[in-house]
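*Asks:* Would you mind keeping the following structure in view while I ask a few things?
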Amino acid sequence: MSKGLLGIEPLERAEIEQMLERAREFQFHGSGPLPKLTVCSGRLVVNMFFENSTRTRSSFEIAAKRLGADTLSITAAGSSVSKGESLVDTLNTLVAMHPSAIVMRHAASGAPHFLSRHLMTPIINAGDGTHEHPTQALLDARTILDRLGKLEGLRVAIIGDIAHSRVARSNVHLLSKFGADIVLCGPPPLLPPQMAAIANGVTLEYDICKAVKDADVVMMLRVQLERIHEPAIPAGEYFRFYGLRVEHLDLAKPHAIVMHPGPINRGREISSDVADAQCSMILNQVENGVAVRMAVLEKVLLQ
Amino acid sequence: MKTLIKNGRVICPASGYDAVASVLIEDGRIAGVGQGMAVHGATEIDASGLVVAPGFIDIHVHLREPGFEHAETIETGTQAAAAGGFTTVCCMPNTKPVNDSAMVTSYIVETASRVSPVRVCPIGAITKGSEGEELASIGAMMEAGAVAISDDGRPVMNSRVMRRAMEVAQARGIVVIDHCEDLNLSAGGDMHECVDSVNLGLRPIPGASEDVMVARDIILAELTGARFHVAHISTKNAVAMVAFAKQRGLPVTSEVTPHHIALHTGHMKPYDSNFKMKPPLRCATDIDAILHGITSGAVDCIATDHAPHAGDDKMQEFEKCPFGILGLETALGVSLEVLVHSQRINLTKLIAMLTCEPARVIGWQGDQARGALKTGYLGDVTIFHPEYPWTFDVAKSQSKSRNSPFSGRTFRGGPIITIVGGAEVWRAPGF
């Protein structure tokens, strides 16, 4: 089993720091055409997306191309999965084409972990079910560092559908390793009490005002209707009780930033004016996605 | 035909016997236990250094035939039983078709009589198709050989239907075995609800889903007077409720699987389907309660819930994999390790949990009596070594499937010779 990137939880803080630092070097500050590197030329990266994705998939693709690697992107709808092939057989077929890494998104928690036990090719997890989304946590950390300079001691409120969020889990593990105070907030069915015990420094809060109070970072999450099997909270009530609005920002620290992994649903979990506010980092996050994924791909491809 | 088993330590918990002695089996039945027996013309088996016990009884297995022969057949499943020291297995009705009629029961009984080295006693379905609505032909299945009724795996959700089933069972003197799970509480779940399930992003099966149904069934057992047996008990609350029911004198019994006392969520390899079963592996505190229940008597017997699944079915995303693991061949090794070598119970008690206790749950009588080395009982004997080290290699399992979390594990003590009706049906390699 080769080393890919399956999740944040098993990583050491030093490994994370290394990737975040490398990502900083890959950030693009100029104008004009993007610089194209050759460091990974001759390597093939296969993007295997069994779930829909716009930003993550294009971001991985751009990152691989900027490193000089070749990329191939496959979506489940057009693949043999839709013809009834098992996941192992599909991946074995891809492996026979000798990719240097497989970037994979799948609706089942643990799908890449299961595959990594049976494949030699390193797998980079681009989101598995409701489990982890490691590159999202890395780009979020990069974004916070760019703006606030540190992670340690920050108060980070993560608000929304925590239960179904792989972004929340990866962020909790990453921020916890760096000594941040993490406040998770959402309606009871979407905020399992056990979340408080998955890492150090996590507290739970059911009131958005208390969660946002004195926060340095407010991270909003989408309600993942596609993963919810029973109505958790009446649709009309969600924005009223858990939607981030301008008045909430007054409770946070003056320099506080607002983040969202996207896709955003204006008027559901975040108001339009907050999404477009000065403190909104949503597009910075997207931009950092490419830099972070370059750092991850470089590490995995050149190991 | 005579078989004389000599020089072994004979332990029969039901008769309170424990001595180095001989066991004589004649014409398929136990003919005597004693010291210095000399019998002419008997086939002799030397059991020096070994324990000679009544044949082990497993009242909860899945043989998968008819319908799922790619995972197991009556032949392969019963070979695994023989290799595990079991001389009687009771097979659950979730076959295809479901064993809800005398026809399917007869098919199993007849097939077993041709291919099985051990005794197979089918368990009939409670409801037609195990759909939880209309009662199955319980009387006809009993006449064809069914020894208990259960909708294992697809438990009866409708309490009124369960009440009717218990009324019929009470009248006919048959035990109702329930896989206690509130399917609404556990819907879509893949592992026990705990910090790990939340962290791994797996949908939960709360302990409460078991507790709620154990409570309901105990109440219905009291209402109807039926004998009610809790299959694969796994939560501390369920153990407490069974203890309470027994205290009130209700005919309630329970079984535990070896894996539910040997493993908890902390032992799971993340997303490894060899650790996926129902009920799911629970917490260390649940195991503590079950172990206490074993010593206090709330937990009556050990049953394996041997649940073979073909490799392809288990080689999938965790949430897609079916529930269940193999159990027959590792049952004694695991039980010795967790219960006897750890000094929690003595060997006699363990043997009781594998012989006379499951026999009492089913209630075999007359010419069907088994589970003890008493004269006239079925001549089934399990000879095992309580100490020798061996390593379980699932690749060499007698079962057709390979889904076990115990492969590669080394055990202290295991089955050596299995005797059914006086005939040796299995012997461990090298002995």
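Residue numbering restarts at 1 for every chain of the structure tokens, chains are lettered A, B, ... in their displayed order, and ligands are numbered from 1 as they appear.
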Using only C-alpha atoms, what table do you get, as JSON lines, when you list each residue of range 93-198 of chain A with an atom no more than 9 Å from range 189-202 of chain B, its nearest pair of atoms, and their distance in Å rounded to one decimal, rows by chain then rising number?
*Replies:*
{"residue": "A:Ala108", "atom": "CA", "partner": "B:Leu202", "partner_atom": "CA", "distance": 8.7}
{"residue": "A:Ser109", "atom": "CA", "partner": "B:Gly201", "partner_atom": "CA", "distance": 5.9}
{"residue": "A:Gly110", "atom": "CA", "partner": "B:Leu200", "partner_atom": "CA", "distance": 7.5}
{"residue": "A:Asp128", "atom": "CA", "partner": "B:Gly201", "partner_atom": "CA", "distance": 8.8}
{"residue": "A:Gly129", "atom": "CA", "partner": "B:Gly201", "partner_atom": "CA", "distance": 7.0}
{"residue": "A:Thr130", "atom": "CA", "partner": "B:Gly201", "partner_atom": "CA", "distance": 4.6}
{"residue": "A:His131", "atom": "CA", "partner": "B:Gly201", "partner_atom": "CA", "distance": 4.3}
{"residue": "A:Glu132", "atom": "CA", "partner": "B:Gly201", "partner_atom": "CA", "distance": 8.0}
{"residue": "A:Ala163", "atom": "CA", "partner": "B:Val198", "partner_atom": "CA", "distance": 7.6}
{"residue": "A:His164", "atom": "CA", "partner": "B:Gly201", "partner_atom": "CA", "distance": 7.4}
{"residue": "A:Ser165", "atom": "CA", "partner": "B:Gly201", "partner_atom": "CA", "distance": 8.4}
{"residue": "A:Arg166", "atom": "CA", "partner": "B:Gly201", "partner_atom": "CA", "distance": 7.6}
{"residue": "A:Arg169", "atom": "CA", "partner": "B:Asn199", "partner_atom": "CA", "distance": 7.1}
{"residue": "A:Pro192", "atom": "CA", "partner": "B:Val198", "partner_atom": "CA", "distance": 7.4}
{"residue": "A:Pro193", "atom": "CA", "partner": "B:Val195", "partner_atom": "CA", "distance": 8.7}
{"residue": "A:Gln194", "atom": "CA", "partner": "B:Val195", "partner_atom": "CA", "distance": 5.0}
{"residue": "A:Met195", "atom": "CA", "partner": "B:Val198", "partner_atom": "CA", "distance": 6.5}
{"residue": "A:Ala196", "atom": "CA", "partner": "B:Val195", "partner_atom": "CA", "distance": 8.6}
{"residue": "A:Ala197", "atom": "CA", "partner": "B:Val195", "partner_atom": "CA", "distance": 6.4}
{"residue": "A:Ile198", "atom": "CA", "partner": "B:Asn199", "partner_atom": "CA", "distance": 6.0}
*Asks:* Taking N, CA and C atoms for each residue, export the selection above as a PDB file, in the first residue's frame.
*Replies:*
ATOM      1  N   ALA A 108     -19.640   6.858  -0.318  1.00  0.00           N
ATOM      2  CA  ALA A 108     -19.580   5.964   0.840  1.00  0.00           C
ATOM      3  C   ALA A 108     -18.395   6.329   1.731  1.00  0.00           C
ATOM      4  N   SER A 109     -18.678   6.556   2.998  1.00  0.00           N
ATOM      5  CA  SER A 109     -17.583   6.791   3.952  1.00  0.00           C
ATOM      6  C   SER A 109     -16.644   5.592   3.912  1.00  0.00           C
ATOM      7  N   GLY A 110     -15.340   5.879   3.852  1.00  0.00           N
ATOM      8  CA  GLY A 110     -14.357   4.794   3.922  1.00  0.00           C
ATOM      9  C   GLY A 110     -14.073   4.116   2.600  1.00  0.00           C
ATOM     10  N   ASP A 128     -14.974  11.472   1.122  1.00  0.00           N
ATOM     11  CA  ASP A 128     -15.623  10.161   1.200  1.00  0.00           C
ATOM     12  C   ASP A 128     -16.839  10.253   2.118  1.00  0.00           C
ATOM     13  N   GLY A 129     -17.998  10.175   1.517  1.00  0.00           N
ATOM     14  CA  GLY A 129     -19.250  10.158   2.266  1.00  0.00           C
ATOM     15  C   GLY A 129     -19.337  11.280   3.270  1.00  0.00           C
ATOM     16  N   THR A 130     -19.597  10.897   4.513  1.00  0.00           N
ATOM     17  CA  THR A 130     -19.690  11.892   5.589  1.00  0.00           C
ATOM     18  C   THR A 130     -18.471  11.784   6.493  1.00  0.00           C
ATOM     19  N   HIS A 131     -17.355  11.325   5.936  1.00  0.00           N
ATOM     20  CA  HIS A 131     -16.179  11.059   6.765  1.00  0.00           C
ATOM     21  C   HIS A 131     -15.138  12.171   6.707  1.00  0.00           C
ATOM     22  N   GLU A 132     -14.331  12.227   5.634  1.00  0.00           N
ATOM     23  CA  GLU A 132     -13.272  13.242   5.571  1.00  0.00           C
ATOM     24  C   GLU A 132     -13.184  13.878   4.182  1.00  0.00           C
ATOM     25  N   ALA A 163     -23.430  16.778  11.158  1.00  0.00           N
ATOM     26  CA  ALA A 163     -23.545  15.313  11.108  1.00  0.00           C
ATOM     27  C   ALA A 163     -23.120  14.751   9.757  1.00  0.00           C
ATOM     28  N   HIS A 164     -23.515  15.422   8.698  1.00  0.00           N
ATOM     29  CA  HIS A 164     -23.256  14.879   7.365  1.00  0.00           C
ATOM     30  C   HIS A 164     -22.046  15.516   6.696  1.00  0.00           C
ATOM     31  N   SER A 165     -21.259  16.265   7.463  1.00  0.00           N
ATOM     32  CA  SER A 165     -20.203  17.035   6.825  1.00  0.00           C
ATOM     33  C   SER A 165     -18.827  16.419   6.982  1.00  0.00           C
ATOM     34  N   ARG A 166     -18.247  16.040   5.865  1.00  0.00           N
ATOM     35  CA  ARG A 166     -16.854  15.571   5.870  1.00  0.00           C
ATOM     36  C   ARG A 166     -15.912  16.758   6.032  1.00  0.00           C
ATOM     37  N   ARG A 169     -15.526  17.300   9.794  1.00  0.00           N
ATOM     38  CA  ARG A 169     -14.649  16.332  10.452  1.00  0.00           C
ATOM     39  C   ARG A 169     -13.182  16.604  10.146  1.00  0.00           C
ATOM     40  N   PRO A 192     -24.494  15.631  16.228  1.00  0.00           N
ATOM     41  CA  PRO A 192     -24.465  14.517  17.184  1.00  0.00           C
ATOM     42  C   PRO A 192     -23.562  14.853  18.374  1.00  0.00           C
ATOM     43  N   PRO A 193     -24.030  14.581  19.594  1.00  0.00           N
ATOM     44  CA  PRO A 193     -23.238  14.921  20.776  1.00  0.00           C
ATOM     45  C   PRO A 193     -21.850  14.277  20.780  1.00  0.00           C
ATOM     46  N   GLN A 194     -21.725  13.123  20.122  1.00  0.00           N
ATOM     47  CA  GLN A 194     -20.416  12.443  20.109  1.00  0.00           C
ATOM     48  C   GLN A 194     -19.348  13.240  19.374  1.00  0.00           C
ATOM     49  N   MET A 195     -19.760  14.239  18.569  1.00  0.00           N
ATOM     50  CA  MET A 195     -18.770  15.054  17.853  1.00  0.00           C
ATOM     51  C   MET A 195     -17.801  15.723  18.818  1.00  0.00           C
ATOM     52  N   ALA A 196     -18.287  16.022  20.014  1.00  0.00           N
ATOM     53  CA  ALA A 196     -17.430  16.716  20.987  1.00  0.00           C
ATOM     54  C   ALA A 196     -16.239  15.865  21.392  1.00  0.00           C
ATOM     55  N   ALA A 197     -16.326  14.554  21.163  1.00  0.00           N
ATOM     56  CA  ALA A 197     -15.271  13.657  21.635  1.00  0.00           C
ATOM     57  C   ALA A 197     -14.353  13.165  20.521  1.00  0.00           C
ATOM     58  N   ILE A 198     -14.546  13.623  19.287  1.00  0.00           N
ATOM     59  CA  ILE A 198     -13.696  13.071  18.225  1.00  0.00           C
ATOM     60  C   ILE A 198     -12.303  13.704  18.222  1.00  0.00           C
TER      61      ILE A 198
END
*Asks:* Using only C-alpha atoms, which protein or nucleic acid residues come within 12 Å of range 106-110 of chain B? Drop anything in the same chain fewer than 4 positions from it, and give the result as a ChimeraX atom specification.
*Replies:* /B:62-67,73-75,78,89-93,95-102,114-116,118-124,140-147
*Asks:* Put those residues in a file: N, CA and C atoms, as a compact mmCIF listing (two decimals), in the first residue's frame.
*Replies:*
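Result went into part_20.txt, see below:
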# COMPACT_ATOMS: atom_id res chain seq x y z
N HIS B 62 -26.50 -19.78 10.18
CA HIS B 62 -27.09 -19.57 8.86
C HIS B 62 -26.39 -20.50 7.89
N LEU B 63 -27.14 -21.44 7.33
CA LEU B 63 -26.53 -22.39 6.39
C LEU B 63 -26.75 -21.97 4.93
N ARG B 64 -27.56 -20.94 4.74
CA ARG B 64 -27.74 -20.28 3.43
C ARG B 64 -28.42 -21.11 2.36
N GLU B 65 -28.69 -22.39 2.62
CA GLU B 65 -29.35 -23.23 1.63
C GLU B 65 -30.77 -23.53 2.10
N PRO B 66 -31.78 -23.38 1.28
CA PRO B 66 -31.73 -23.06 -0.15
C PRO B 66 -31.58 -21.55 -0.43
N GLY B 67 -31.02 -21.26 -1.58
CA GLY B 67 -31.08 -19.89 -2.10
C GLY B 67 -29.78 -19.14 -2.20
N THR B 73 -23.43 -23.88 1.85
CA THR B 73 -24.45 -24.91 1.62
C THR B 73 -24.64 -25.64 2.93
N ILE B 74 -25.68 -26.44 2.99
CA ILE B 74 -25.89 -27.24 4.19
C ILE B 74 -24.66 -28.11 4.42
N GLU B 75 -24.08 -28.62 3.32
CA GLU B 75 -22.91 -29.48 3.44
C GLU B 75 -21.69 -28.73 3.99
N THR B 78 -22.23 -27.39 7.65
CA THR B 78 -22.20 -28.40 8.71
C THR B 78 -20.80 -29.01 8.86
N VAL B 89 -26.70 -28.18 15.02
CA VAL B 89 -26.85 -26.75 14.70
C VAL B 89 -28.31 -26.48 14.35
N CYS B 90 -28.79 -25.33 14.78
CA CYS B 90 -30.15 -24.90 14.42
C CYS B 90 -30.01 -23.77 13.42
N CYS B 91 -30.62 -23.97 12.24
CA CYS B 91 -30.38 -22.99 11.17
C CYS B 91 -31.57 -22.05 11.02
N MET B 92 -31.23 -20.80 10.88
CA MET B 92 -32.23 -19.73 10.79
C MET B 92 -32.95 -19.76 9.44
N PRO B 93 -34.17 -19.24 9.44
CA PRO B 93 -35.03 -19.42 8.26
C PRO B 93 -34.81 -18.41 7.13
N THR B 95 -33.57 -18.07 4.42
CA THR B 95 -33.08 -18.61 3.15
C THR B 95 -33.97 -18.07 2.04
N LYS B 96 -33.79 -18.58 0.83
CA LYS B 96 -34.62 -18.14 -0.29
C LYS B 96 -35.11 -19.37 -1.01
N PRO B 97 -36.32 -19.81 -0.89
CA PRO B 97 -37.37 -19.12 -0.13
C PRO B 97 -37.13 -19.21 1.38
N VAL B 98 -37.78 -18.30 2.09
CA VAL B 98 -37.73 -18.30 3.54
C VAL B 98 -38.31 -19.62 4.05
N ASN B 99 -37.72 -20.16 5.11
CA ASN B 99 -38.25 -21.39 5.71
C ASN B 99 -39.50 -21.04 6.53
N ASP B 100 -40.61 -20.87 5.78
CA ASP B 100 -41.87 -20.53 6.45
C ASP B 100 -42.92 -21.58 6.19
N SER B 101 -42.48 -22.75 5.69
CA SER B 101 -43.45 -23.80 5.38
C SER B 101 -42.82 -25.16 5.64
N ALA B 102 -43.68 -26.17 5.78
CA ALA B 102 -43.20 -27.53 6.01
C ALA B 102 -42.34 -28.00 4.83
N ARG B 114 -28.68 -36.29 4.13
CA ARG B 114 -27.80 -36.85 3.09
C ARG B 114 -26.37 -36.33 3.20
N VAL B 115 -26.21 -35.05 3.49
CA VAL B 115 -24.88 -34.44 3.33
C VAL B 115 -24.22 -33.98 4.63
N SER B 116 -24.99 -33.90 5.70
CA SER B 116 -24.43 -33.25 6.89
C SER B 116 -23.80 -34.25 7.86
N VAL B 118 -23.31 -33.49 10.91
CA VAL B 118 -23.87 -33.19 12.23
C VAL B 118 -25.39 -33.09 12.12
N ARG B 119 -26.04 -32.95 13.25
CA ARG B 119 -27.52 -32.87 13.25
C ARG B 119 -27.95 -31.44 12.92
N VAL B 120 -28.92 -31.33 12.04
CA VAL B 120 -29.42 -30.00 11.64
C VAL B 120 -30.88 -29.90 12.05
N CYS B 121 -31.18 -28.93 12.87
CA CYS B 121 -32.56 -28.68 13.30
C CYS B 121 -32.99 -27.31 12.81
N PRO B 122 -33.90 -27.27 11.85
CA PRO B 122 -34.30 -25.97 11.30
C PRO B 122 -35.13 -25.15 12.30
N ILE B 123 -34.97 -23.86 12.17
CA ILE B 123 -35.81 -22.90 12.89
C ILE B 123 -36.77 -22.31 11.87
N GLY B 124 -38.05 -22.39 12.15
CA GLY B 124 -39.03 -21.90 11.20
C GLY B 124 -39.25 -20.40 11.35
N ALA B 140 -47.21 -26.99 11.11
CA ALA B 140 -46.73 -27.86 10.04
C ALA B 140 -45.21 -27.90 10.02
N MET B 141 -44.58 -26.75 10.25
CA MET B 141 -43.11 -26.74 10.27
C MET B 141 -42.58 -27.57 11.44
N MET B 142 -43.27 -27.49 12.57
CA MET B 142 -42.84 -28.29 13.72
C MET B 142 -42.93 -29.78 13.40
N GLU B 143 -44.02 -30.19 12.73
CA GLU B 143 -44.15 -31.60 12.38
C GLU B 143 -43.05 -32.03 11.41
N ALA B 144 -42.58 -31.07 10.60
CA ALA B 144 -41.51 -31.38 9.64
C ALA B 144 -40.13 -31.31 10.29
N GLY B 145 -40.06 -30.86 11.54
CA GLY B 145 -38.77 -30.87 12.22
C GLY B 145 -38.29 -29.54 12.76
N ALA B 146 -39.07 -28.46 12.62
CA ALA B 146 -38.62 -27.17 13.16
C ALA B 146 -38.63 -27.22 14.69
N VAL B 147 -37.60 -26.66 15.31
CA VAL B 147 -37.47 -26.75 16.77
C VAL B 147 -37.68 -25.40 17.47
*Asks:* Between A:Met97, A:Ala69, A:Arg222, A:Glu9, which is the closest to Asn200 in chain A once you count only C-alpha atoms?
*Replies:*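 Among A:Met97, A:Ala69, A:Arg222, A:Glu9, it is A:Glu9 that comes nearest to Asn200 in chain A.
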*Asks:* Which is closest to Leu44 in chain A among A:Leu191, A:Leu72, A:Leu20, A:Leu204, if we use only C-alpha atoms?
*Replies:*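 Using only C-alpha atoms, Leu44 in chain A sits closest to A:Leu72.
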*Asks:* Using only C-alpha atoms, find the one residue out of A:Arg245, A:Lys150, A:Lys3, A:Arg155 that sits nearest to Ser116 in chain A.
*Replies:*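 So, comparing all the options, the nearest one is A:Lys3.
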*Asks:* Write out as a list in words the residues lying within 7 Å of Ala295 in chain A, counting only C-alpha atoms and excluding same-chain residues fewer than 5 positions away.
*Replies:* Met19, Arg22 and Ala23 of chain A
*Asks:* In Å, how far is it from CA of Ala47 in chain B to CA of Val425 in chain B?
*Replies:* 15.4 Å
*Asks:* Which residues, written as an mmCIF file with N, CA and C atoms, in the first residue's frame, have at least one atom at most 10 Å from His292 in chain B, with only C-alpha atoms counted and residues fewer than 6 positions away on the same chain left out?
*Replies:*
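Produced file out-v2.cif, reproduced below:
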data_model
loop_
_atom_site.group_PDB
_atom_site.id
_atom_site.type_symbol
_atom_site.label_atom_id
_atom_site.label_comp_id
_atom_site.auth_asym_id
_atom_site.auth_seq_id
_atom_site.Cartn_x
_atom_site.Cartn_y
_atom_site.Cartn_z
ATOM 1 N N LYS B 236 -25.860 -3.592 27.367
ATOM 2 C CA LYS B 236 -25.954 -3.720 28.825
ATOM 3 C C LYS B 236 -27.407 -3.605 29.297
ATOM 4 N N VAL B 239 -29.163 -6.954 28.800
ATOM 5 C CA VAL B 239 -28.772 -7.919 29.836
ATOM 6 C C VAL B 239 -29.536 -7.616 31.126
ATOM 7 N N ASP B 286 -20.568 -2.561 27.423
ATOM 8 C CA ASP B 286 -21.558 -3.587 27.107
ATOM 9 C C ASP B 286 -20.960 -4.978 27.336
ATOM 10 N N ALA B 298 -27.856 -14.343 33.679
ATOM 11 C CA ALA B 298 -28.775 -13.645 32.772
ATOM 12 C C ALA B 298 -28.542 -14.100 31.332
ATOM 13 N N VAL B 299 -27.293 -14.411 31.038
ATOM 14 C CA VAL B 299 -26.957 -14.920 29.700
ATOM 15 C C VAL B 299 -26.809 -16.431 29.817
ATOM 16 N N ARG B 344 -12.752 -15.990 34.202
ATOM 17 C CA ARG B 344 -14.092 -15.471 34.515
ATOM 18 C C ARG B 344 -15.042 -16.592 34.890
#
*Asks:* Run DSSP on the backbone and give me the residues of range 197-245 of chain B it puts in strand (DSSP E or B), as a VMD selection string.
*Replies:* chain B and resid 204 to 205 228 to 230
*Asks:* Would you pick out the contacts of Met353 in chain B at 12 Å or less, using only C-alpha atoms, so that residues sharing its chain but fewer than 2 positions from it are not included, and give the list as a PyMOL selection string?
*Replies:* chain B and resi 12-14+53-59+253-258+294-295+297-304+331-332+335-336+339+345-351+355-361+371-372
*Asks:* Store the residues of this selection in a file with C-alpha atoms, as a PDB file, in the first residue's frame.
*Replies:*
ATOM      1  CA  CYS B  12     -20.911 -33.299  31.898  1.00  0.00           C
ATOM      2  CA  PRO B  13     -22.307 -30.168  33.529  1.00  0.00           C
ATOM      3  CA  ALA B  14     -25.896 -31.420  33.482  1.00  0.00           C
ATOM      4  CA  ALA B  53     -17.871 -33.189  26.724  1.00  0.00           C
ATOM      5  CA  PRO B  54     -21.416 -33.606  25.470  1.00  0.00           C
ATOM      6  CA  GLY B  55     -21.660 -32.625  21.821  1.00  0.00           C
ATOM      7  CA  PHE B  56     -21.779 -28.853  21.390  1.00  0.00           C
ATOM      8  CA  ILE B  57     -25.060 -27.304  20.286  1.00  0.00           C
ATOM      9  CA  ASP B  58     -25.283 -24.067  18.306  1.00  0.00           C
ATOM     10  CA  ILE B  59     -28.830 -22.772  18.190  1.00  0.00           C
ATOM     11  CA  THR B 253     -33.431 -16.808  28.061  1.00  0.00           C
ATOM     12  CA  SER B 254     -30.597 -15.265  26.090  1.00  0.00           C
ATOM     13  CA  GLU B 255     -27.572 -16.167  24.035  1.00  0.00           C
ATOM     14  CA  VAL B 256     -24.371 -14.306  23.268  1.00  0.00           C
ATOM     15  CA  THR B 257     -22.014 -14.769  20.358  1.00  0.00           C
ATOM     16  CA  PRO B 258     -18.284 -15.243  20.909  1.00  0.00           C
ATOM     17  CA  ILE B 294     -22.813 -14.814  32.061  1.00  0.00           C
ATOM     18  CA  THR B 295     -21.589 -15.301  35.622  1.00  0.00           C
ATOM     19  CA  GLY B 297     -27.015 -16.333  34.790  1.00  0.00           C
ATOM     20  CA  ALA B 298     -28.775 -13.645  32.772  1.00  0.00           C
ATOM     21  CA  VAL B 299     -26.957 -14.920  29.700  1.00  0.00           C
ATOM     22  CA  ASP B 300     -27.702 -18.616  29.266  1.00  0.00           C
ATOM     23  CA  CYS B 301     -25.730 -19.877  26.341  1.00  0.00           C
ATOM     24  CA  ILE B 302     -23.288 -19.253  23.541  1.00  0.00           C
ATOM     25  CA  ALA B 303     -24.465 -19.272  19.939  1.00  0.00           C
ATOM     26  CA  THR B 304     -22.307 -18.304  16.991  1.00  0.00           C
ATOM     27  CA  ALA B 331     -16.336 -20.385  18.795  1.00  0.00           C
ATOM     28  CA  LEU B 332     -14.492 -22.631  21.237  1.00  0.00           C
ATOM     29  CA  SER B 335     -14.825 -18.564  24.262  1.00  0.00           C
ATOM     30  CA  LEU B 336     -11.943 -20.269  26.038  1.00  0.00           C
ATOM     31  CA  LEU B 339     -14.156 -16.683  29.479  1.00  0.00           C
ATOM     32  CA  ILE B 345     -15.799 -18.849  34.506  1.00  0.00           C
ATOM     33  CA  ASN B 346     -14.574 -22.421  34.820  1.00  0.00           C
ATOM     34  CA  LEU B 347     -14.486 -25.020  32.098  1.00  0.00           C
ATOM     35  CA  THR B 348     -17.651 -26.731  33.355  1.00  0.00           C
ATOM     36  CA  LYS B 349     -19.650 -23.529  33.034  1.00  0.00           C
ATOM     37  CA  LEU B 350     -18.366 -22.924  29.510  1.00  0.00           C
ATOM     38  CA  ILE B 351     -19.297 -26.459  28.496  1.00  0.00           C
ATOM     39  CA  THR B 355     -24.387 -28.015  25.634  1.00  0.00           C
ATOM     40  CA  CYS B 356     -27.105 -28.401  28.268  1.00  0.00           C
ATOM     41  CA  GLU B 357     -28.019 -24.705  28.320  1.00  0.00           C
ATOM     42  CA  PRO B 358     -28.800 -24.339  24.604  1.00  0.00           C
ATOM     43  CA  ALA B 359     -30.549 -27.742  24.843  1.00  0.00           C
ATOM     44  CA  ARG B 360     -32.730 -26.326  27.607  1.00  0.00           C
ATOM     45  CA  VAL B 361     -33.559 -23.250  25.503  1.00  0.00           C
ATOM     46  CA  GLY B 371     -26.657 -31.852  25.639  1.00  0.00           C
ATOM     47  CA  ALA B 372     -25.624 -34.267  28.405  1.00  0.00           C
TER      48      ALA B 372
END
*Asks:* List every residue of range 34-152 of chain A that DSSP, applied to the backbone of this structure, assigns to helix (DSSP H, G or I), and report them as a VMD selection string.
*Replies:* chain A and resid 55 to 66 76 to 78 80 to 83 87 to 95 111 to 116 134 to 148
*Asks:* Using only C-alpha atoms, determine which residues lie at most 6 Å from Ile124 in chain A, disregarding the query and same-chain residues fewer than 5 positions distant; provide the list as a JSON list (two decimals) with N, CA and C atoms, in the first residue's frame.
*Replies:*
[["chain", "number", "residue", "atom", "x", "y", "z"],
["A", 4, "GLY", "N", -0.89, 7.64, 0.17],
["A", 4, "GLY", "CA", -1.64, 8.69, -0.49],
["A", 4, "GLY", "C", -2.04, 9.70, 0.57],
["A", 5, "LEU", "N", -3.24, 10.20, 0.47],
["A", 5, "LEU", "CA", -3.78, 11.07, 1.53],
["A", 5, "LEU", "C", -5.24, 10.68, 1.74],
["A", 6, "LEU", "N", -5.48, 9.92, 2.80],
["A", 6, "LEU", "CA", -6.83, 9.43, 3.04],
["A", 6, "LEU", "C", -7.61, 10.33, 3.97],
["A", 103, "VAL", "N", -7.10, 10.28, -7.59],
["A", 103, "VAL", "CA", -7.86, 11.22, -6.76],
["A", 103, "VAL", "C", -9.30, 10.73, -6.80]]
*Asks:* Between A:Gln27, A:Thr121, A:Ser170, A:Asn52, which one has atoms that come closest to chain B, using only C-alpha atoms?
*Replies:*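 Result for the nearest residue to chain B: A:Ser170.
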*Asks:* What is the CA of Lys253 in chain A-CA of Ala14 in chain A distance in Å, reported with one decimal?
*Replies:*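 Computing it gives 28.6 Å between the two atoms.
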*Asks:* CA of Ser113 in chain B to CA of Ile325 in chain B: how many Å, to one decimal?
*Replies:*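 These two atoms are separated by 25.6 Å.
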*Asks:* Give me the residues near range 244-251 of chain B as a list in words, where near means some atom within 8 Å (using only C-alpha atoms) and where sequence neighbours in that chain fewer than 3 positions away do not count.
*Replies:*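 In the requested form, the answer reads Ile218, Ala221, Glu222, Gly225, Ala226, Arg227, Phe228, Ala240, Met241 and Ala298 of chain B.
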*Asks:* Find the residue from A:Arg147, A:Arg24, A:His173, A:His260 that sits nearest to Ile159 in chain A; use only C-alpha atoms when measuring.
*Replies:*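 Checking each of A:Arg147, A:Arg24, A:His173, A:His260 against Ile159 in chain A, counting only C-alpha atoms, the winner is A:His260.
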